[in-house]
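Novice: My structure is stored as coords-v9.txt, with compact mmCIF, C-alpha atoms.
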# COMPACT_ATOMS: atom_id res chain seq x y z
CA MET A 226 56.26 -101.53 -4.47
CA LYS A 227 58.70 -99.57 -6.55
CA VAL A 228 57.15 -96.11 -6.98
CA LEU A 229 58.45 -93.37 -9.25
CA VAL A 230 57.66 -89.92 -7.81
CA THR A 231 58.20 -86.82 -9.94
CA GLY A 232 58.64 -83.47 -8.20
CA ALA A 233 60.27 -85.38 -5.36
CA ALA A 234 61.94 -82.26 -3.93
CA GLY A 235 58.62 -80.43 -3.93
CA PHE A 236 56.26 -79.78 -1.03
CA ILE A 237 53.91 -82.71 -1.66
CA GLY A 238 56.48 -84.93 -3.39
CA SER A 239 58.98 -84.94 -0.52
CA ASN A 240 56.32 -85.66 2.10
CA LEU A 241 54.81 -88.40 -0.04
CA SER A 242 58.23 -89.99 -0.63
CA LEU A 243 58.88 -90.11 3.12
CA GLN A 244 55.57 -91.85 3.79
CA LEU A 245 56.14 -94.39 1.02
CA LEU A 246 59.64 -95.13 2.30
CA ASP A 247 58.42 -95.45 5.89
CA ARG A 248 55.92 -98.12 4.87
CA GLY A 249 58.56 -100.12 3.02
CA ASP A 250 58.22 -99.03 -0.60
CA GLU A 251 61.17 -98.24 -2.85
CA VAL A 252 61.07 -94.70 -4.27
CA ILE A 253 62.70 -93.33 -7.42
CA GLY A 254 62.54 -89.56 -7.04
CA ILE A 255 62.87 -87.20 -10.00
CA ASP A 256 63.31 -83.45 -9.67
CA ASN A 257 65.11 -80.75 -11.67
CA LEU A 258 65.60 -78.43 -8.66
CA ASN A 259 64.52 -75.40 -10.68
CA ASP A 260 64.72 -71.94 -9.13
CA TYR A 261 61.01 -71.02 -9.25
CA TYR A 262 61.47 -70.72 -5.48
CA ASP A 263 64.28 -71.26 -2.94
CA VAL A 264 66.44 -74.19 -4.11
CA ASN A 265 67.94 -74.54 -0.63
CA LEU A 266 64.51 -75.44 0.74
CA LYS A 267 64.18 -78.12 -1.93
CA LYS A 268 67.61 -79.49 -1.02
CA ALA A 269 66.64 -79.55 2.66
CA ARG A 270 63.54 -81.56 1.80
CA LEU A 271 65.66 -83.98 -0.24
CA ALA A 272 68.05 -84.41 2.68
CA ARG A 273 65.19 -86.03 4.60
CA THR A 274 64.50 -88.66 1.91
CA SER A 275 68.02 -89.23 0.63
CA GLN A 276 69.08 -90.79 3.93
CA HIS A 277 66.89 -93.81 3.13
CA SER A 278 68.68 -96.65 1.33
CA ALA A 279 65.49 -97.38 -0.66
CA TYR A 280 65.48 -93.87 -2.18
CA THR A 281 67.04 -93.12 -5.57
CA ASP A 282 67.59 -89.41 -6.27
CA ILE A 283 67.57 -88.40 -9.96
CA ARG A 284 68.02 -84.96 -11.58
CA ALA A 285 65.94 -84.64 -14.75
CA ASN A 286 63.52 -82.36 -16.61
CA LEU A 287 60.24 -84.02 -17.54
CA GLU A 288 60.37 -82.43 -20.98
CA ASP A 289 63.61 -84.36 -21.75
CA ASN A 290 61.93 -87.33 -23.43
CA GLU A 291 65.09 -89.40 -23.87
CA LYS A 292 66.11 -88.98 -20.23
CA ILE A 293 62.63 -89.86 -18.97
CA ALA A 294 62.44 -92.89 -21.27
CA ASP A 295 65.82 -94.09 -19.96
CA ILE A 296 64.69 -93.70 -16.33
CA PHE A 297 61.57 -95.79 -16.94
CA ALA A 298 63.51 -98.45 -18.85
CA LYS A 299 66.22 -98.71 -16.18
CA HIS A 300 64.11 -98.63 -13.02
CA LYS A 301 60.85 -100.26 -14.20
CA PRO A 302 58.56 -98.70 -11.57
CA ASP A 303 55.41 -100.57 -10.59
CA ARG A 304 53.45 -97.36 -10.08
CA VAL A 305 54.00 -93.67 -10.77
CA VAL A 306 52.94 -90.47 -8.98
CA ASN A 307 53.42 -87.39 -11.16
CA LEU A 308 53.61 -84.26 -9.00
CA ALA A 309 56.19 -82.31 -11.01
CA ALA A 310 54.76 -79.26 -12.74
CA GLN A 311 55.29 -75.57 -13.24
CA ALA A 312 53.14 -74.28 -10.40
CA GLY A 313 51.44 -70.96 -9.76
CA VAL A 314 48.32 -69.35 -11.19
CA ARG A 315 49.74 -65.83 -11.46
CA TYR A 316 53.09 -66.85 -12.91
CA SER A 317 51.20 -68.63 -15.71
CA ILE A 318 49.87 -65.24 -16.81
CA GLU A 319 53.43 -63.88 -17.05
CA ASN A 320 55.16 -66.91 -18.56
CA PRO A 321 52.65 -69.29 -20.19
CA MET A 322 55.21 -71.13 -22.34
CA SER A 323 56.91 -72.63 -19.29
CA TYR A 324 53.60 -74.34 -18.46
CA VAL A 325 53.35 -75.84 -21.93
CA GLU A 326 56.85 -77.30 -21.65
CA SER A 327 56.59 -78.70 -18.13
CA ASN A 328 52.90 -79.48 -17.70
CA LEU A 329 52.03 -80.65 -21.22
CA VAL A 330 55.22 -81.92 -22.88
CA GLY A 331 56.52 -83.26 -19.56
CA PHE A 332 53.28 -85.05 -18.75
CA MET A 333 53.22 -86.58 -22.23
CA ASN A 334 56.64 -88.10 -21.56
CA ILE A 335 55.37 -89.58 -18.29
CA LEU A 336 52.38 -91.10 -20.09
CA GLU A 337 54.68 -92.63 -22.71
CA GLY A 338 56.96 -94.03 -20.01
CA CYS A 339 53.99 -95.67 -18.31
CA ARG A 340 52.66 -97.00 -21.61
CA TYR A 341 55.86 -98.75 -22.67
CA ASN A 342 56.88 -100.12 -19.27
CA ASN A 343 53.72 -101.84 -18.04
CA VAL A 344 53.09 -99.42 -15.18
CA GLU A 345 50.21 -100.69 -13.03
CA HIS A 346 48.82 -97.27 -12.10
CA LEU A 347 49.57 -93.60 -12.78
CA VAL A 348 48.41 -91.07 -10.20
CA TYR A 349 48.89 -87.44 -11.18
CA ALA A 350 48.32 -84.02 -9.66
CA SER A 351 45.51 -81.96 -11.07
CA SER A 352 44.21 -78.88 -9.25
CA SER A 353 41.10 -77.21 -7.85
CA SER A 354 41.90 -74.41 -10.32
CA VAL A 355 40.30 -76.50 -13.11
CA TYR A 356 36.89 -75.45 -11.75
CA GLY A 357 37.61 -71.96 -13.07
CA ALA A 358 34.46 -69.94 -13.56
CA ASN A 359 32.24 -72.52 -11.82
CA THR A 360 30.24 -71.06 -8.96
CA HIS A 361 28.07 -74.02 -7.89
CA MET A 362 29.42 -75.19 -4.52
CA PRO A 363 30.82 -77.55 -3.41
CA PHE A 364 32.85 -78.34 -6.54
CA SER A 365 32.18 -81.89 -7.70
CA VAL A 366 34.33 -84.08 -9.93
CA HIS A 367 31.15 -84.68 -11.90
CA ASP A 368 30.89 -80.98 -12.83
CA ASN A 369 31.81 -79.56 -16.22
CA VAL A 370 35.22 -77.82 -16.05
CA ASP A 371 35.50 -76.27 -19.50
CA HIS A 372 36.07 -72.66 -18.37
CA PRO A 373 39.55 -72.32 -16.83
CA LEU A 374 40.69 -68.83 -15.80
CA SER A 375 44.46 -69.28 -16.10
CA MET A 376 46.97 -71.12 -18.26
CA TYR A 377 47.94 -73.17 -15.20
CA ALA A 378 44.35 -74.37 -14.85
CA ALA A 379 44.13 -75.08 -18.58
CA THR A 380 47.22 -77.30 -18.47
CA LYS A 381 45.82 -79.25 -15.52
CA LYS A 382 42.55 -79.80 -17.35
CA ALA A 383 44.59 -80.88 -20.39
CA ASN A 384 46.44 -83.42 -18.23
CA GLU A 385 43.11 -85.01 -17.30
CA LEU A 386 42.16 -85.28 -20.97
CA MET A 387 45.56 -86.69 -21.93
CA ALA A 388 45.37 -89.27 -19.15
CA HIS A 389 41.91 -90.36 -20.25
CA THR A 390 43.15 -90.89 -23.79
CA TYR A 391 45.89 -93.22 -22.56
CA SER A 392 43.48 -95.03 -20.26
CA HIS A 393 41.17 -95.55 -23.22
CA LEU A 394 43.71 -96.47 -25.91
CA TYR A 395 46.26 -98.43 -23.87
CA ARG A 396 44.18 -99.45 -20.81
CA LEU A 397 46.63 -97.60 -18.57
CA PRO A 398 44.91 -97.09 -15.19
CA THR A 399 45.09 -93.38 -14.32
CA THR A 400 43.83 -91.35 -11.38
CA GLY A 401 43.77 -87.53 -11.34
CA LEU A 402 43.76 -85.72 -8.00
CA ARG A 403 42.41 -82.20 -7.76
CA PHE A 404 44.26 -80.69 -4.79
CA PHE A 405 42.67 -77.83 -2.84
CA THR A 406 45.05 -75.15 -1.39
CA VAL A 407 47.69 -77.32 0.25
CA TYR A 408 49.54 -75.87 3.26
CA GLY A 409 51.72 -77.00 6.15
CA PRO A 410 55.36 -77.54 7.22
CA TRP A 411 57.94 -77.61 4.41
CA GLY A 412 55.49 -75.69 2.21
CA ARG A 413 56.05 -73.47 -0.82
CA PRO A 414 57.44 -69.96 -0.12
CA ASP A 415 55.23 -68.46 -2.86
CA MET A 416 52.04 -69.51 -1.08
CA ALA A 417 50.03 -67.15 1.13
CA LEU A 418 50.77 -68.78 4.50
CA PHE A 419 54.52 -68.56 3.92
CA LEU A 420 54.35 -64.97 2.65
CA PHE A 421 52.09 -63.85 5.48
CA THR A 422 54.26 -65.45 8.16
CA ARG A 423 57.47 -63.96 6.82
CA ASN A 424 56.05 -60.43 6.55
CA ILE A 425 54.23 -60.44 9.89
CA LEU A 426 57.38 -61.52 11.72
CA ALA A 427 59.37 -58.86 9.85
CA GLY A 428 56.83 -56.15 10.68
CA LYS A 429 55.92 -55.68 7.01
CA PRO A 430 52.38 -55.38 5.57
CA ILE A 431 50.75 -58.38 3.94
CA ASP A 432 48.87 -58.18 0.62
CA VAL A 433 45.30 -59.42 1.18
CA PHE A 434 43.52 -59.88 -2.13
CA ASN A 435 39.77 -59.67 -2.70
CA TYR A 436 39.79 -57.54 0.48
CA GLY A 437 40.06 -60.72 2.56
CA ASN A 438 36.76 -62.13 1.33
CA HIS A 439 38.26 -65.22 -0.30
CA ARG A 440 37.11 -68.58 0.97
CA ARG A 441 39.51 -71.46 0.49
CA ASP A 442 39.27 -75.17 1.21
CA PHE A 443 42.67 -75.15 2.94
CA THR A 444 43.98 -78.73 3.06
CA TYR A 445 46.78 -79.83 5.38
CA ILE A 446 49.77 -81.60 3.83
CA ASP A 447 49.37 -84.84 5.83
CA ASP A 448 45.77 -85.15 4.62
CA ILE A 449 46.90 -84.66 1.03
CA VAL A 450 49.59 -87.34 1.33
CA GLU A 451 47.18 -89.81 2.94
CA GLY A 452 44.75 -89.23 0.07
CA VAL A 453 47.49 -89.76 -2.53
CA ILE A 454 48.62 -93.03 -0.97
CA ARG A 455 45.10 -94.39 -0.64
CA THR A 456 44.31 -93.63 -4.25
CA LEU A 457 47.68 -95.02 -5.39
CA ASP A 458 46.75 -98.31 -3.70
CA ASN A 459 43.30 -98.30 -5.32
CA ILE A 460 43.69 -99.05 -9.04
CA PRO A 461 40.71 -97.63 -10.96
CA GLN A 462 38.37 -99.95 -12.82
CA PRO A 463 36.17 -99.14 -15.82
CA ASN A 464 32.69 -97.89 -14.91
CA SER A 465 30.30 -100.45 -16.42
CA ASP A 466 27.39 -98.02 -16.01
CA TRP A 467 29.08 -95.20 -17.93
CA SER A 468 27.02 -93.89 -20.83
CA GLY A 469 27.92 -91.57 -23.69
CA ASP A 470 24.33 -90.31 -23.61
CA ALA A 471 24.91 -88.88 -20.13
CA PRO A 472 28.70 -88.81 -19.76
CA ASP A 473 30.22 -88.63 -16.29
CA SER A 474 33.46 -86.64 -16.44
CA ALA A 475 34.94 -88.34 -13.34
CA THR A 476 34.77 -91.95 -14.60
CA SER A 477 34.87 -93.80 -17.91
CA THR A 478 34.55 -97.11 -19.72
CA ALA A 479 38.36 -96.93 -19.42
CA PRO A 480 40.26 -97.47 -16.11
CA TYR A 481 40.13 -93.75 -15.26
CA LYS A 482 39.13 -91.79 -12.15
CA LEU A 483 39.16 -88.22 -10.82
CA TYR A 484 38.99 -87.21 -7.16
CA ASN A 485 38.93 -83.99 -5.17
CA ILE A 486 41.25 -83.93 -2.16
CA GLY A 487 40.11 -81.00 -0.06
CA ASN A 488 39.14 -80.31 3.52
CA ASN A 489 35.43 -80.02 2.59
CA ASN A 490 35.25 -76.98 4.86
CA PRO A 491 35.96 -73.60 3.24
CA VAL A 492 37.51 -70.95 5.50
CA GLU A 493 37.46 -67.19 4.96
CA LEU A 494 40.89 -65.72 4.34
CA GLY A 495 40.27 -63.22 7.13
CA HIS A 496 39.83 -66.02 9.67
CA TYR A 497 42.89 -67.82 8.30
CA ILE A 498 44.94 -64.67 8.96
CA GLU A 499 43.45 -64.31 12.47
CA VAL A 500 44.52 -67.87 13.32
CA LEU A 501 48.02 -67.12 12.03
CA GLU A 502 48.18 -63.92 14.10
CA ASP A 503 47.23 -65.89 17.22
CA CYS A 504 49.91 -68.51 16.54
CA LEU A 505 52.56 -65.84 15.94
CA GLY A 506 51.43 -63.64 18.81
CA LYS A 507 51.55 -60.64 16.49
CA LYS A 508 49.01 -58.66 14.48
CA ALA A 509 49.31 -58.18 10.72
CA GLU A 510 49.30 -54.87 8.91
CA LYS A 511 47.00 -55.54 5.95
CA ASN A 512 47.21 -54.07 2.47
CA LEU A 513 43.68 -54.74 1.15
CA LEU A 514 43.58 -55.28 -2.63
CA PRO A 515 41.06 -56.36 -5.29
CA LEU A 516 40.81 -59.87 -6.75
CA GLN A 517 43.80 -60.78 -8.91
CA PRO A 518 43.50 -61.83 -12.58
CA GLY A 519 43.14 -65.59 -12.93
CA ASP A 520 42.02 -66.05 -9.32
CA VAL A 521 38.64 -67.24 -8.04
CA PRO A 522 36.73 -65.98 -4.98
CA ASP A 523 35.93 -69.36 -3.41
CA THR A 524 36.88 -73.04 -3.47
CA TYR A 525 35.01 -75.87 -1.76
CA ALA A 526 35.63 -79.57 -2.41
CA ASN A 527 32.96 -82.25 -2.63
CA VAL A 528 34.88 -85.38 -1.52
CA GLU A 529 32.07 -87.94 -1.68
CA ALA A 530 33.83 -90.00 -4.36
CA LEU A 531 37.05 -90.13 -2.31
CA VAL A 532 35.16 -91.27 0.79
CA ALA A 533 33.17 -93.88 -1.15
CA ASP A 534 36.15 -95.41 -2.96
CA VAL A 535 39.03 -95.23 -0.48
CA GLY A 536 37.29 -94.46 2.82
CA TYR A 537 39.13 -91.24 3.52
CA LYS A 538 38.23 -87.61 4.14
CA PRO A 539 40.70 -84.83 5.10
CA ALA A 540 39.91 -83.45 8.54
CA THR A 541 42.78 -81.32 9.91
CA SER A 542 41.49 -77.93 11.11
CA VAL A 543 43.27 -74.72 10.10
CA GLU A 544 43.86 -74.06 13.80
CA ASP A 545 45.92 -77.26 14.12
CA GLY A 546 47.51 -77.01 10.67
CA ILE A 547 48.67 -73.40 10.99
CA ARG A 548 50.07 -74.02 14.48
CA ARG A 549 52.15 -76.92 13.13
CA PHE A 550 53.35 -74.76 10.25
CA VAL A 551 54.38 -71.90 12.55
CA ASP A 552 56.25 -74.32 14.85
CA TRP A 553 58.13 -75.69 11.83
CA TYR A 554 58.79 -72.22 10.36
CA LYS A 555 60.28 -70.88 13.60
CA ASP A 556 62.50 -73.94 13.95
CA TYR A 557 63.62 -74.07 10.30
CA TYR A 558 64.37 -70.35 10.01
CA LYS A 559 65.55 -69.97 13.63
CA THR A 560 63.23 -67.04 14.26
Let me see whether you can do it: turn the structure in this file into structure tokens.
Specialist:
Amino acid sequence: MKVLVTGAAGFIGSNLSLQLLDRGDEVIGIDNLNDYYDVNLKKARLARTSQHSAYTDIRANLEDNEKIADIFAKHKPDRVVNLAAQAGVRYSIENPMSYVESNLVGFMNILEGCRYNNVEHLVYASSSSVYGANTHMPFSVHDNVDHPLSMYAATKKANELMAHTYSHLYRLPTTGLRFFTVYGPWGRPDMALFLFTRNILAGKPIDVFNYGNHRRDFTYIDDIVEGVIRTLDNIPQPNSDWSGDAPDSATSTAPYKLYNIGNNNPVELGHYIEVLEDCLGKKAEKNLLPLQPGDVPDTYANVEALVADVGYKPATSVEDGIRRFVDWYKDYYKT
């Protein structure tokens, strides 16, 4: 297939592009290489994909509607994976307008590109953050998610609503993926594992929020990518049993689906840090702090729908995943 991947220099996007290329697909990768975090890391990720003759590297902002329309018209992708977004829960509290531009306006341009170019299937990144104030565990795609706690979460929920509208009006098959705390080699420097590793090796204290009592459904990057590919290959069909009297938020009379991709095994932050300490051979000095605004104490993914529809469930343990990350980190940064 010819697959357009947005956010192709990102953590998930670069790993996904490599897997698609390795199985014989052609990839059109879009990224704007913004400086939200280290641009050199993004360029290093791109260096891995750009060596493939079937990879096309494009610089563009999703909010540039004319540029995005031109890319769709020129390359005519069969399927699209939209991973580009302004990321970060806490940054959305400081700079909410950037989330409107990238995550709402940008996503609208992707939807329009798919609509006018006969795209077979749009898969897009949502987030576990949409569960917001929900406390019933594990989080299910059938749950109500009308109480987001950050602008980032609100834009991801909005993406799901926008996608459903296009699935309904234009019969565009769309699949939203709610990712749960992705980690692993080539990860984002603003995420906890990266920050912890850097500070522990430098002998600096690490900030541990909620006094270390968080539980997170940490999900290894390879498991995320496998889930994305399996759902990309599985075009959603309308749910003939859907009823407006008892609406299911994860399906529709339109070709629309939502899935959680999480490890289905929440881990306490304290244990996560202990595993990291063991892998580094060094203890952390901890600066214990209260819960941050916009954050939630626990996440836990119900992945029954993913297992039922595509036969896949993430399974990498944090012990294996963190060890692989530390091996990569030491090699990449020559520590």
Novice: Could you give me, as a Markdown table, a per-residue list for stretch 370-479 of chain A showing, wherever an atom lies at most 12 Å from an atom of stretch 355-366 of chain A, the closest pair of atoms and their distance in Å to one decimal, using only C-alpha atoms and sorting by chain then residue number from low to high?
Specialist:
| residue | atom | partner | partner_atom | distance |
| --- | --- | --- | --- | --- |
| A:Val370 | CA | A:Tyr356 | CA | 5.2 |
| A:Asp371 | CA | A:Tyr356 | CA | 7.9 |
| A:His372 | CA | A:Gly357 | CA | 5.6 |
| A:Pro373 | CA | A:Gly357 | CA | 4.2 |
| A:Leu374 | CA | A:Gly357 | CA | 5.2 |
| A:Ser375 | CA | A:Gly357 | CA | 8.0 |
| A:Met376 | CA | A:Val355 | CA | 10.0 |
| A:Tyr377 | CA | A:Val355 | CA | 8.6 |
| A:Ala378 | CA | A:Val355 | CA | 4.9 |
| A:Ala379 | CA | A:Val355 | CA | 6.8 |
| A:Thr380 | CA | A:Val355 | CA | 8.8 |
| A:Lys381 | CA | A:Val355 | CA | 6.6 |
| A:Lys382 | CA | A:Val355 | CA | 5.8 |
| A:Ala383 | CA | A:Val355 | CA | 9.5 |
| A:Asn384 | CA | A:Val355 | CA | 10.6 |
| A:Glu385 | CA | A:Val355 | CA | 9.9 |
| A:Leu386 | CA | A:Val355 | CA | 11.9 |
| A:Gly401 | CA | A:Val366 | CA | 10.1 |
| A:Leu402 | CA | A:Val366 | CA | 9.8 |
| A:Arg403 | CA | A:Val355 | CA | 8.1 |
| A:Phe404 | CA | A:Val355 | CA | 10.1 |
| A:Phe405 | CA | A:Phe364 | CA | 10.5 |
| A:Arg440 | CA | A:Met362 | CA | 11.5 |
| A:Arg441 | CA | A:Pro363 | CA | 11.3 |
| A:Asp442 | CA | A:Pro363 | CA | 9.9 |
| A:Asp473 | CA | A:Val366 | CA | 8.8 |
| A:Ser474 | CA | A:Val366 | CA | 7.0 |
| A:Ala475 | CA | A:Val366 | CA | 5.5 |
| A:Thr476 | CA | A:Val366 | CA | 9.2 |
Novice: Give the answer as one residue: which of A:Asp289, A:Asp458, A:Glu493, A:Asp256 has the shortest atom-to-atom distance to A:Pro522, using all atoms listed in the file?
Specialist: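 Under the stated criterion, the closest residue is A:Glu493.
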Novice: Would you list the contacts of A:Lys292 as a PDB file with C-alpha atoms, keeping the file's coordinate frame, taking every protein, DNA or RNA residue within 12 Å and counting all atoms listed in the file, but skipping same-chain residues closer than 5 positions in sequence?
Specialist:
ATOM      1  CA  ILE A 255      62.870 -87.200 -10.000  1.00  0.00           C
ATOM      2  CA  ASN A 257      65.110 -80.750 -11.670  1.00  0.00           C
ATOM      3  CA  ILE A 283      67.570 -88.400  -9.960  1.00  0.00           C
ATOM      4  CA  ARG A 284      68.020 -84.960 -11.580  1.00  0.00           C
ATOM      5  CA  ALA A 285      65.940 -84.640 -14.750  1.00  0.00           C
ATOM      6  CA  ASN A 286      63.520 -82.360 -16.610  1.00  0.00           C
ATOM      7  CA  LEU A 287      60.240 -84.020 -17.540  1.00  0.00           C
ATOM      8  CA  PHE A 297      61.570 -95.790 -16.940  1.00  0.00           C
ATOM      9  CA  ALA A 298      63.510 -98.450 -18.850  1.00  0.00           C
ATOM     10  CA  LYS A 299      66.220 -98.710 -16.180  1.00  0.00           C
ATOM     11  CA  GLY A 331      56.520 -83.260 -19.560  1.00  0.00           C
ATOM     12  CA  ASN A 334      56.640 -88.100 -21.560  1.00  0.00           C
ATOM     13  CA  ILE A 335      55.370 -89.580 -18.290  1.00  0.00           C
ATOM     14  CA  GLY A 338      56.960 -94.030 -20.010  1.00  0.00           C
TER      15      GLY A 338
END
Novice: So how many Å separate atom CA of A:Val551 and atom CA of A:Cys504, to one decimal?
Specialist: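 Answer for the atom CA of A:Val551 to atom CA of A:Cys504 separation: 6.9 Å.
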Novice: What does the distance between atom CA of A:Pro414 and atom CA of A:Thr231 come to in Å, to one decimal place?
Specialist: 19.5 Å
Novice: Would you list the contacts of A:Ala427 as a list in words, taking every protein, DNA or RNA residue within 12 Å and counting all atoms listed in the file, but skipping same-chain residues closer than 3 positions in sequence?
Specialist: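 In the requested form, the answer reads Leu420, Phe421, Thr422, Arg423, Asn424, Pro430, Ile431, Leu505, Lys507, Lys508, Ala509, Glu510 and Thr560 of chain A.
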Novice: Smallest atom-to-atom distance to A:Ser352: which of A:Pro398, A:Pro515, A:Pro321, A:Gly313, using only C-alpha atoms?
Specialist: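 Among the listed residues, A:Gly313 lies closest to A:Ser352.
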Novice: At a cut-off of 12 Å, using only C-alpha atoms, what residues contact stretch 264-276 of chain A? Leave out same-chain residues fewer than 6 positions from it and give the result as a count of residues only.
Specialist: 36
Novice: Which value, in Å to one decimal, gives the distance between atom CA of A:Asp447 and atom CA of A:Ile293?
Specialist: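 Atom-to-atom, atom CA of A:Asp447 and atom CA of A:Ile293 are spaced 28.6 Å apart.
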Novice: Work out where the centre of an axis-aligned box around every listed atom of stretch 341-344 of chain A lies and how long its edges are once 8 Å is added on each side; give both in Å to one decimal as lines of an AutoDock Vina configuration file.
Specialist:
center_x = 55.0
center_y = -100.3
center_z = -18.9
size_x = 19.8
size_y = 19.1
size_z = 23.5
Novice: Name the residues within 12 Å of (62.5, -100.9, -15.8), counting all atoms listed in the file in the file's coordinates, and put them as a ChimeraX atom specification.
Specialist: /A:227-229,253,293-304,338-339,341-344
Novice: Counting all atoms listed in the file, which of A:Tyr481, A:Tyr408, A:Tyr324, A:Phe332 gets nearest to A:Ile446?
Specialist: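 Checking each candidate against A:Ile446, we get A:Tyr408 as the closest.
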